[in-house]
Amino acid sequence: MTPAENTNAIPLLLVEDHALLNLEMERELTDAGYTIVTATDGAKALAELNMDSNKFKGLITDVNIGKGPSGWDVARRLRERMPNVPVVYITGDNASEWTSRGVPNSILLQKPFAPGQLTTAISQLLNRISSDIV
């Protein structure tokens, strides 16, 4: 069974405006068994959240995603609806804003990062939430 056919796969929202990076990250996460919905900017990400934010069990977002809402904004909006959802931020900029603009219990990956770090980051957050529930 492919990950796309796996009805037990965990759905994640991936927000990245660079097509090549988006494709690479989507492939990595799909290979790890996640179901991915992609958005190429903040407005499209918010539209996905407005349709059904409860379907997403995690968010992976670039911080700077073109015009409109930033990755910081998308994460805050999702956390308003689902306070414990895991968030992985990605940035090529200085990570200093993370402490003031990022949501609590999130991870920030600085570009470029090694293959596998993205899957490890989201898995750690999902596992932390699962262990808090038990």
# chains A, B, ... in the order shown; residues from 1 in each chain; ligands from 1

call {"tool": "residues_around", "arguments": {"residues": "A:Pro112", "least_positions_apart": "3", "cutoff": "10 Å", "atoms": "only C-alpha atoms", "output": "VMD selection string"}}
result
chain A and resid 90 to 92 109 115

call {"tool": "write_last_selection", "arguments": {"atoms": "C-alpha atoms", "output": "compact mmCIF listing (two decimals), in the first residue's frame"}}
result
# COMPACT_ATOMS: atom_id res chain seq x y z
CA ILE A 90 11.34 26.53 8.19
CA THR A 91 13.44 29.59 7.42
CA GLY A 92 16.48 30.65 5.51
CA LEU A 109 14.60 24.26 11.04
CA PRO A 115 17.14 15.12 4.45

call {"tool": "residues_around", "arguments": {"residues": "stretch 43-57 of chain A", "least_positions_apart": "3", "cutoff": "12 Å", "atoms": "only C-alpha atoms", "output": "ChimeraX atom specification"}}
result
/A:8-17,34-40,60-62,65-88,122-123,125-127,129-130

call {"tool": "closest_residue", "arguments": {"among": "A:Asp31, A:Ser131, A:Leu59, A:Leu118", "to": "A:Val103", "atoms": "only C-alpha atoms"}}
result
A:Leu59

call {"tool": "atom_distance", "arguments": {"atom1": "atom CA of A:Asn105", "atom2": "atom CA of A:Leu23"}}
result
26.1 Å

call {"tool": "select_by_dssp", "arguments": {"residues": "stretch 65-110 of chain A", "states": "alpha helix (DSSP H)", "output": "list in words"}}
result
Gly71, Trp72, Asp73, Val74, Ala75, Arg76, Arg77, Leu78, Arg79, Glu80, Arg81, Trp98, Thr99, Ser100 and Arg101 of chain A

call {"tool": "atom_distance", "arguments": {"atom1": "atom CA of A:Gly116", "atom2": "atom CA of A:Asn22"}}
result
14.5 Å

call {"tool": "decode", "arguments": {"residues": "stretch 14-43 of chain A", "atoms": "C-alpha atoms", "output": "compact mmCIF listing (two decimals), in the first residue's frame"}}
result
# COMPACT_ATOMS: atom_id res chain seq x y z
CA LEU A 14 2.78 21.90 4.20
CA VAL A 15 3.22 25.59 3.31
CA GLU A 16 6.17 26.44 1.05
CA ASP A 17 6.35 28.92 -1.81
CA HIS A 18 9.40 27.43 -3.56
CA ALA A 19 8.09 24.69 -5.88
CA LEU A 20 11.24 22.55 -5.80
CA LEU A 21 11.48 22.61 -2.00
CA ASN A 22 7.76 21.96 -1.73
CA LEU A 23 8.06 18.90 -3.95
CA GLU A 24 11.12 17.58 -2.12
CA MET A 25 9.55 18.00 1.33
CA GLU A 26 6.25 16.52 0.18
CA ARG A 27 8.09 13.46 -1.16
CA GLU A 28 10.06 13.02 2.09
CA LEU A 29 6.94 13.27 4.24
CA THR A 30 4.84 11.04 1.98
CA ASP A 31 7.60 8.41 2.00
CA ALA A 32 7.48 8.58 5.80
CA GLY A 33 3.76 7.74 5.70
CA TYR A 34 2.15 11.15 6.11
CA THR A 35 -0.69 12.51 3.98
CA ILE A 36 0.24 15.97 2.71
CA VAL A 37 -1.89 18.91 1.67
CA THR A 38 0.24 21.69 0.20
CA ALA A 39 -0.25 25.42 0.00
CA THR A 40 2.10 27.80 -1.79
CA ASP A 41 1.30 30.95 0.19
CA GLY A 42 -0.30 32.13 3.41
CA ALA A 43 -3.67 32.93 1.85
